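Novice: Could you have a look at this structure, given as structure tokens, before my questions?
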Amino acid sequence: MAASDANAVPAVTMRARAIEYIGKRHRFHVWEALPWILIAAAYFVFPDRMTFGTQVLIAIMFALSLDLILGYAGIVTLGHAAFFGVGAYTVALLTARLNWGEPVTSLIIATLISAAAGFISGWFLLRYRGLTLLMLTLATAILLQEAGNYRSDITGGYDGVPGMEIWKLFGVFENDLYGRTYYIYIAVLLFLVFLVVRRIVYSPFGAALTGIRENVRRMHAIGSPVHRRLVAAYTIAAGIAGMAGALFAQSTAYTTLGVFDFESSAKVMVMLILGGTGRLYGAFAGATIYMLLEDHLAKLSPEFWQFGIGLLLVLAVLFARRGLLGLIEDIGIYFKTGGKS
Amino acid sequence: MSAPALEVRDLNRSFGALRVARDINLTLERGARRALIGPNGAGKTTLVNLITGALAPSSGSVALNGEDITKVSQAERARRGIARTFQINQLFRGLTVLENVVMAIGERTGDCNNLWRPAGTKRIIIDEALDHLDSLRLVEDSLKLVRELPYGRQRLVEIAIAMAQKPRVLLLDEPAAGVPSSESHLILDVVASLDPDIAILIIEHDMDVVFRFAQQITVLVAGAVFTEGAPKDIRADERVRAVYLGQDAGAGHG
């Protein structure tokens, strides 16, 4: 602090600098192209691994939706799989029960229904915080799962929805054996979703979400309609999670009640924490690393692969509390300041 | 004569058998400068919480500019013009000083309902925020994270946020608490120079400050108004002196 007093910047300069900084903060940086270059490159480098690539993209979208509420608004939920499941089952039941397998319209319907589920459950649950909320979100996912199990005559229960038939994309593109079509389809959707989430995060509304995470008492005191803001964010996140679930159902033409599992909610949270919360790209890094590890470790040891994931999580919690991207940032700062901070 | 800025009528609040507010009556005229004093545990912060709506009263009413707001939510009261500072900082510690103030303006103007426009690009809001910071000589810290600031400067951010709410009624809960006396003068100077139209209620332990700043003083003891009056009357009141000398052994918290 003493050093900064010695070479204090005149207030006028500082004012201009502050206006400059805050006015340009939302602009794209060059490095932000990197994940998209990698996603495009993967298509050409691993053309026969695109079914796996598709699942990675879906995981990224799912984790990104969680980042909006967990990373930005600070809503701790263990039931986010509920919306992924609603999205997947909307698609599955549309084709299996109503013979409607058109991908784009069913995707839109699934997104809207998931968002509606987010709005309704959020309206009731987001009055609570912390452990209470954790339990209630968990219970919501279990209730949905049990409802599906109760009416297994409709849903097919844990055996999965029978007779799913997803039509050609735009009536033209078949989902080929290698999943190339869906890789492109989902990559484009992920990009659009990302642009929307990024826009929201940098908006005044996004700032208010951050404010709720940082200090909810202060938000009440400055007149913020906290509940309304949280419900809005939760609804959007539920819609995106539902979209990811719908894409899962479409790309695999397969859905079971397992999508509602607690494991699924926990997994997406682990992905996000591994990558880093509240920084958008944490979802990209975390989901990709988790999926790659899961894939490799499962081949290496079909029985004990979860040990590797567990070890990684322990290491992350011990040495990279702010996730992988947080760690990279810290290392960057360390070298910039010559190890002084 | 217009309605008083703030009018508290027969306010009661109990936690179980503990009555923390007993039949409190308190009026702030427009532009009032009133101090709220009393020994520890007298219920001063509780009264602030009841006025802002952070706490619901068991009975009684609160009116703002003649309108009953007893049933109105805390956030809505804030939007209608009640601002407060906290005895212990309640700031967005991971955000910059500038963002802390911009947040208050954004919520005041309704700007925070916008999901699409990039925050920080509306010059009128940024300029206003910087003006508030300027009046508190905080501009040079505007891009620092709040948690990087020394405590005394964080206290100023509390006041900057309250000012950014453009309140009609301002409740200051020990604004200089926890600040070394060398810096507390700056805070109290700032308080003294606030818009004379704002009705201010200040909780403060430093009697020099109270007697210099306040035009009226309310003394709260055990959740009830013990007495109120002009500073010279309170200073001369033997009973007030007895209350303070008798119970104020561990001053510092209210």
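Convention: chains lettered A, B, ... in structure tokens order; per-chain residue numbering from 1; ligands numbered from 1 as shown.
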Could you produce a table of the residues of stretch 94-211 of chain B lying within 9 Å of stretch 1-14 of chain B, with the nearest pair of atoms per residue and their separation in Å rounded to one decimal, using only C-alpha atoms, ordered by chain and increasing residue number, as JSON lines?

Specialist:
```
{"residue": "B:Arg168", "atom": "CA", "partner": "B:Ala5", "partner_atom": "CA", "distance": 7.1}
{"residue": "B:Val169", "atom": "CA", "partner": "B:Ala5", "partner_atom": "CA", "distance": 6.8}
{"residue": "B:Ile198", "atom": "CA", "partner": "B:Ala5", "partner_atom": "CA", "distance": 8.6}
{"residue": "B:Ala199", "atom": "CA", "partner": "B:Ala5", "partner_atom": "CA", "distance": 6.7}
```

Novice: Please save N, CA and C atoms of the selected residues as a short mmCIF file (atom, residue, chain, number, x, y, z; two decimals), in the first residue's frame.

Specialist:
```
data_model
loop_
_atom_site.label_atom_id
_atom_site.label_comp_id
_atom_site.auth_asym_id
_atom_site.auth_seq_id
_atom_site.Cartn_x
_atom_site.Cartn_y
_atom_site.Cartn_z
N ARG B 168 -33.68 9.00 0.88
CA ARG B 168 -34.37 10.10 1.57
C ARG B 168 -34.08 9.96 3.07
N VAL B 169 -33.89 8.72 3.47
CA VAL B 169 -33.58 8.43 4.88
C VAL B 169 -32.32 7.58 4.92
N ILE B 198 -31.36 14.99 3.21
CA ILE B 198 -31.52 13.62 3.66
C ILE B 198 -31.73 13.59 5.17
N ALA B 199 -32.71 12.81 5.61
CA ALA B 199 -32.89 12.61 7.05
C ALA B 199 -31.91 11.53 7.50
#
```

Novice: If you take only C-alpha atoms and a cut-off of 10 Å, which residues of chain A touch chain B, and what are their nearest atom pairs and distances in Å to one decimal, in chain and number order, as a tab-separated table?

Specialist:
```
residue	atom	partner	partner_atom	distance
A:Met1	CA	B:Leu149	CA	8.7
A:Ser4	CA	B:Glu140	CA	9.8
A:Asp5	CA	B:Glu140	CA	9.8
A:Ala8	CA	B:Glu140	CA	7.8
A:Val9	CA	B:Glu140	CA	6.9
A:Pro10	CA	B:Glu140	CA	7.6
A:Ala11	CA	B:Glu140	CA	5.9
A:Val12	CA	B:Val139	CA	8.6
A:Thr13	CA	B:Glu140	CA	9.0
A:Met14	CA	B:Glu140	CA	5.8
A:Arg15	CA	B:Val139	CA	6.5
A:Ala16	CA	B:Leu130	CA	10.0
A:Arg17	CA	B:Leu143	CA	8.7
A:Ala18	CA	B:Leu143	CA	6.3
A:Ile19	CA	B:Ile126	CA	6.9
A:Glu20	CA	B:Gly120	CA	9.3
A:Tyr21	CA	B:Leu143	CA	8.3
A:Ile22	CA	B:Gly120	CA	5.1
A:Gly23	CA	B:Thr121	CA	4.7
A:Lys24	CA	B:Thr121	CA	7.7
A:Arg25	CA	B:Gly120	CA	7.9
A:His26	CA	B:Pro118	CA	6.4
A:Arg27	CA	B:Pro118	CA	9.0
A:Val196	CA	B:Trp116	CA	8.5
A:Val197	CA	B:Leu115	CA	9.6
A:Arg198	CA	B:Trp116	CA	9.5
A:Arg199	CA	B:Trp116	CA	5.9
A:Ile200	CA	B:Leu115	CA	5.0
A:Val201	CA	B:Leu115	CA	8.0
A:Tyr202	CA	B:Pro118	CA	5.4
A:Ser203	CA	B:Pro118	CA	4.5
A:Pro204	CA	B:Cys112	CA	4.5
A:Phe205	CA	B:Cys112	CA	4.5
A:Gly206	CA	B:Leu115	CA	6.9
A:Ala207	CA	B:Met103	CA	7.3
A:Ala208	CA	B:Cys112	CA	6.3
A:Leu209	CA	B:Cys112	CA	9.3
A:Thr210	CA	B:Phe92	CA	8.6
A:Gly211	CA	B:Phe92	CA	6.3
A:Ile212	CA	B:Phe92	CA	8.8
A:Arg213	CA	B:Phe92	CA	8.7
A:Glu214	CA	B:Phe92	CA	5.2
A:Asn215	CA	B:Phe92	CA	5.8
A:Val216	CA	B:Gln90	CA	9.0
A:Arg217	CA	B:Gln90	CA	7.1
A:Arg218	CA	B:Gln90	CA	5.8
A:Met219	CA	B:Ala75	CA	8.0
A:His220	CA	B:Ala75	CA	5.1
A:Ala221	CA	B:Ala78	CA	6.1
A:Ile222	CA	B:Ala78	CA	5.7
A:Gly223	CA	B:Ala75	CA	3.6
A:Ser224	CA	B:Ala75	CA	5.6
A:Pro225	CA	B:Ala75	CA	6.2
A:Val226	CA	B:Ala75	CA	8.3
A:Arg228	CA	B:Asn113	CA	9.9
A:Arg229	CA	B:Asn113	CA	8.2
A:Ala233	CA	B:Leu115	CA	10.0
```

Novice: Run DSSP on the backbone and tell me which residues of stretch 19-232 of chain B come out as strand (DSSP E or B); list them as a CSV table (one decimal) with C-alpha atoms, in the first residue's frame.

Specialist:
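And here is the file that came out, part.csv:
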```csv
chain,number,residue,atom,x,y,z
B,19,ARG,CA,-38.3,-7.9,24.1
B,20,VAL,CA,-35.7,-6.2,22.0
B,21,ALA,CA,-37.9,-3.3,21.0
B,22,ARG,CA,-40.6,-1.9,23.3
B,23,ASP,CA,-43.1,0.6,22.2
B,24,ILE,CA,-40.5,2.6,20.2
B,25,ASN,CA,-41.7,6.0,18.8
B,26,LEU,CA,-39.3,7.9,16.7
B,27,THR,CA,-39.7,10.6,14.1
B,28,LEU,CA,-37.2,11.9,11.5
B,33,ARG,CA,-29.8,14.9,12.1
B,34,ARG,CA,-30.6,12.6,14.9
B,35,ALA,CA,-28.2,10.4,16.9
B,36,LEU,CA,-29.3,7.1,18.5
B,37,ILE,CA,-27.2,6.3,21.6
B,59,SER,CA,-46.5,-4.9,16.4
B,60,GLY,CA,-46.4,-1.2,15.5
B,61,SER,CA,-45.8,0.6,12.2
B,62,VAL,CA,-43.2,2.3,10.1
B,63,ALA,CA,-44.1,5.1,7.7
B,64,LEU,CA,-41.9,6.7,5.0
B,67,GLU,CA,-46.9,6.1,3.7
B,68,ASP,CA,-47.2,3.0,5.8
B,82,ILE,CA,-34.2,4.0,2.9
B,83,ALA,CA,-30.5,3.3,2.9
B,84,ARG,CA,-28.3,2.0,5.6
B,85,THR,CA,-24.7,1.3,6.3
B,96,THR,CA,-13.8,-3.7,-7.4
B,145,LEU,CA,-10.9,-5.2,-5.1
B,169,VAL,CA,-33.6,8.4,4.9
B,170,LEU,CA,-30.1,7.3,5.8
B,171,LEU,CA,-29.3,5.1,8.7
B,172,LEU,CA,-25.7,5.0,9.7
B,173,ASP,CA,-24.8,2.2,12.1
B,199,ALA,CA,-32.9,12.6,7.0
B,200,ILE,CA,-30.1,10.9,8.9
B,201,LEU,CA,-30.1,8.7,11.9
B,202,ILE,CA,-26.6,7.8,13.2
B,203,ILE,CA,-25.7,5.3,15.8
B,216,GLN,CA,-31.5,15.7,18.3
B,217,ILE,CA,-30.6,12.7,20.3
B,218,THR,CA,-32.6,9.6,21.2
B,219,VAL,CA,-31.4,7.5,24.1
B,220,LEU,CA,-32.3,3.8,23.8
B,221,VAL,CA,-32.1,1.6,26.9
B,224,ALA,CA,-37.2,1.3,24.9
B,225,VAL,CA,-36.7,5.0,24.3
B,226,PHE,CA,-35.3,6.2,27.6
B,227,THR,CA,-35.4,9.9,26.7
B,228,GLU,CA,-34.9,12.2,23.7
B,229,GLY,CA,-34.0,15.8,23.2
```

Novice: Go ahead and compute the interatomic distance for atom CA of A:Gly118 and atom CA of A:His80, in Å to one decimal.

Specialist: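 Atom-to-atom, atom CA of A:Gly118 to atom CA of A:His80, that is 9.4 Å.
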
Novice: What lies within 9 Å of A:Ile39 using only C-alpha atoms, ignoring chain neighbours under 4 positions off, as a list in words?

Specialist: Leu34, Pro35, Tyr43, Gly53, Leu57 and Ala187 of chain A

Novice: Take the residues that were just selected and, keeping N, CA, C and O atoms, output them as a PDB file, in the first residue's frame.

Specialist:
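Final file, again-v4.pdb:
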```pdb
ATOM      1  N   LEU A  34      -9.450 -19.934 -28.485  1.00  0.00           N
ATOM      2  CA  LEU A  34      -8.775 -21.227 -28.303  1.00  0.00           C
ATOM      3  C   LEU A  34      -9.721 -22.435 -28.164  1.00  0.00           C
ATOM      4  O   LEU A  34      -9.582 -23.403 -28.919  1.00  0.00           O
ATOM      5  N   PRO A  35     -10.703 -22.399 -27.227  1.00  0.00           N
ATOM      6  CA  PRO A  35     -11.564 -23.586 -27.107  1.00  0.00           C
ATOM      7  C   PRO A  35     -12.297 -23.907 -28.401  1.00  0.00           C
ATOM      8  O   PRO A  35     -12.498 -25.076 -28.723  1.00  0.00           O
ATOM      9  N   TYR A  43     -12.528 -32.206 -34.711  1.00  0.00           N
ATOM     10  CA  TYR A  43     -13.350 -32.804 -35.761  1.00  0.00           C
ATOM     11  C   TYR A  43     -12.466 -33.396 -36.864  1.00  0.00           C
ATOM     12  O   TYR A  43     -12.769 -34.454 -37.417  1.00  0.00           O
ATOM     13  N   GLY A  53     -16.764 -37.222 -28.853  1.00  0.00           N
ATOM     14  CA  GLY A  53     -16.687 -35.759 -28.917  1.00  0.00           C
ATOM     15  C   GLY A  53     -18.044 -35.118 -28.665  1.00  0.00           C
ATOM     16  O   GLY A  53     -18.155 -34.106 -27.958  1.00  0.00           O
ATOM     17  N   LEU A  57     -19.094 -32.346 -25.773  1.00  0.00           N
ATOM     18  CA  LEU A  57     -19.762 -31.058 -26.024  1.00  0.00           C
ATOM     19  C   LEU A  57     -21.025 -30.931 -25.173  1.00  0.00           C
ATOM     20  O   LEU A  57     -21.321 -29.858 -24.637  1.00  0.00           O
ATOM     21  N   ALA A 187     -21.945 -28.576 -31.701  1.00  0.00           N
ATOM     22  CA  ALA A 187     -20.918 -27.541 -31.565  1.00  0.00           C
ATOM     23  C   ALA A 187     -21.499 -26.170 -31.900  1.00  0.00           C
ATOM     24  O   ALA A 187     -21.240 -25.178 -31.197  1.00  0.00           O
TER      25      ALA A 187
END
```

Novice: Would you kindly return, as a VMD selection string, each protein, DNA or RNA residue with an atom no farther than 12 Å from any atom of A:Phe46, considering only C-alpha atoms and excluding same-chain residues fewer than 5 positions away?

Specialist: chain A and resid 38 to 41 51 to 54 178 to 180 183

Novice: Those same residues, written as a PDB file, in the first residue's frame with N, CA, C and O atoms?

Specialist:
```
ATOM      1  N   LEU A  38      -9.971 -25.566 -30.814  1.00  0.00           N
ATOM      2  CA  LEU A  38      -9.781 -26.963 -30.407  1.00  0.00           C
ATOM      3  C   LEU A  38     -10.989 -27.828 -30.772  1.00  0.00           C
ATOM      4  O   LEU A  38     -10.837 -28.948 -31.250  1.00  0.00           O
ATOM      5  N   ILE A  39     -12.185 -27.267 -30.553  1.00  0.00           N
ATOM      6  CA  ILE A  39     -13.397 -28.026 -30.884  1.00  0.00           C
ATOM      7  C   ILE A  39     -13.449 -28.297 -32.389  1.00  0.00           C
ATOM      8  O   ILE A  39     -13.784 -29.401 -32.835  1.00  0.00           O
ATOM      9  N   ALA A  40     -13.066 -27.306 -33.189  1.00  0.00           N
ATOM     10  CA  ALA A  40     -13.044 -27.485 -34.648  1.00  0.00           C
ATOM     11  C   ALA A  40     -11.944 -28.466 -35.040  1.00  0.00           C
ATOM     12  O   ALA A  40     -12.151 -29.360 -35.870  1.00  0.00           O
ATOM     13  N   ALA A  41     -10.769 -28.311 -34.419  1.00  0.00           N
ATOM     14  CA  ALA A  41      -9.632 -29.170 -34.766  1.00  0.00           C
ATOM     15  C   ALA A  41      -9.927 -30.633 -34.452  1.00  0.00           C
ATOM     16  O   ALA A  41      -9.567 -31.528 -35.227  1.00  0.00           O
ATOM     17  N   THR A  51     -18.484 -39.605 -31.761  1.00  0.00           N
ATOM     18  CA  THR A  51     -19.564 -39.908 -30.808  1.00  0.00           C
ATOM     19  C   THR A  51     -19.119 -39.525 -29.400  1.00  0.00           C
ATOM     20  O   THR A  51     -19.893 -38.973 -28.632  1.00  0.00           O
ATOM     21  N   PHE A  52     -17.846 -39.780 -29.114  1.00  0.00           N
ATOM     22  CA  PHE A  52     -17.306 -39.351 -27.818  1.00  0.00           C
ATOM     23  C   PHE A  52     -17.239 -37.819 -27.759  1.00  0.00           C
ATOM     24  O   PHE A  52     -17.637 -37.205 -26.761  1.00  0.00           O
ATOM     25  N   GLY A  53     -16.764 -37.222 -28.853  1.00  0.00           N
ATOM     26  CA  GLY A  53     -16.687 -35.759 -28.917  1.00  0.00           C
ATOM     27  C   GLY A  53     -18.044 -35.118 -28.665  1.00  0.00           C
ATOM     28  O   GLY A  53     -18.155 -34.106 -27.958  1.00  0.00           O
ATOM     29  N   THR A  54     -19.069 -35.725 -29.207  1.00  0.00           N
ATOM     30  CA  THR A  54     -20.430 -35.226 -29.014  1.00  0.00           C
ATOM     31  C   THR A  54     -20.795 -35.204 -27.529  1.00  0.00           C
ATOM     32  O   THR A  54     -21.354 -34.230 -27.025  1.00  0.00           O
ATOM     33  N   TYR A 178     -20.490 -42.465 -36.896  1.00  0.00           N
ATOM     34  CA  TYR A 178     -19.372 -41.831 -36.191  1.00  0.00           C
ATOM     35  C   TYR A 178     -19.799 -40.570 -35.446  1.00  0.00           C
ATOM     36  O   TYR A 178     -18.984 -39.935 -34.789  1.00  0.00           O
ATOM     37  N   GLY A 179     -21.053 -40.191 -35.575  1.00  0.00           N
ATOM     38  CA  GLY A 179     -21.547 -39.029 -34.847  1.00  0.00           C
ATOM     39  C   GLY A 179     -21.046 -37.700 -35.376  1.00  0.00           C
ATOM     40  O   GLY A 179     -21.079 -36.693 -34.669  1.00  0.00           O
ATOM     41  N   ARG A 180     -20.585 -37.684 -36.617  1.00  0.00           N
ATOM     42  CA  ARG A 180     -20.020 -36.429 -37.143  1.00  0.00           C
ATOM     43  C   ARG A 180     -21.083 -35.351 -37.310  1.00  0.00           C
ATOM     44  O   ARG A 180     -20.861 -34.187 -37.008  1.00  0.00           O
ATOM     45  N   TYR A 183     -21.945 -33.924 -34.009  1.00  0.00           N
ATOM     46  CA  TYR A 183     -20.848 -33.129 -33.459  1.00  0.00           C
ATOM     47  C   TYR A 183     -20.944 -31.688 -33.951  1.00  0.00           C
ATOM     48  O   TYR A 183     -20.861 -30.741 -33.167  1.00  0.00           O
TER      49      TYR A 183
END
```

Novice: So how many Å separate atom CA of A:Trp100 and atom CA of A:Gly160, to one decimal?

Specialist: 17.5 Å

Novice: Just want the 8 Å neighbourhood of A:Tyr89, counted on only C-alpha atoms, with same-chain residues fewer than 5 positions away dropped. Output as a PyMOL selection string.

Specialist: chain A and resi 246+249+255

Novice: Please dump the current selection as a short mmCIF file (atom, residue, chain, number, x, y, z; two decimals), in the first residue's frame; keep N, CA and C atoms.

Specialist:
```
data_model
loop_
_atom_site.label_atom_id
_atom_site.label_comp_id
_atom_site.auth_asym_id
_atom_site.auth_seq_id
_atom_site.Cartn_x
_atom_site.Cartn_y
_atom_site.Cartn_z
N ALA A 246 -31.65 -32.89 -23.94
CA ALA A 246 -32.33 -33.21 -25.19
C ALA A 246 -31.33 -33.67 -26.24
N ALA A 249 -30.26 -37.18 -25.55
CA ALA A 249 -31.26 -38.16 -25.99
C ALA A 249 -31.25 -38.30 -27.51
N THR A 255 -32.43 -43.17 -23.61
CA THR A 255 -32.57 -42.45 -22.34
C THR A 255 -33.11 -43.38 -21.27
#
```

Novice: A:Phe28, A:Phe284, A:Trp123, A:Phe248: which is nearest A:Ser65, counting only C-alpha atoms?

Specialist: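 Between A:Phe28, A:Phe284, A:Trp123, A:Phe248, the residue approaching A:Ser65 most closely is A:Phe284.
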
Novice: From a DSSP calculation on the backbone, collect every residue of stretch 50-258 of chain A in alpha helix (DSSP H) and output the set as a VMD selection string.

Specialist: chain A and resid 50 to 66 81 to 98 103 to 125 130 to 150 152 to 155 180 to 201 204 to 214 216 to 221 226 to 252
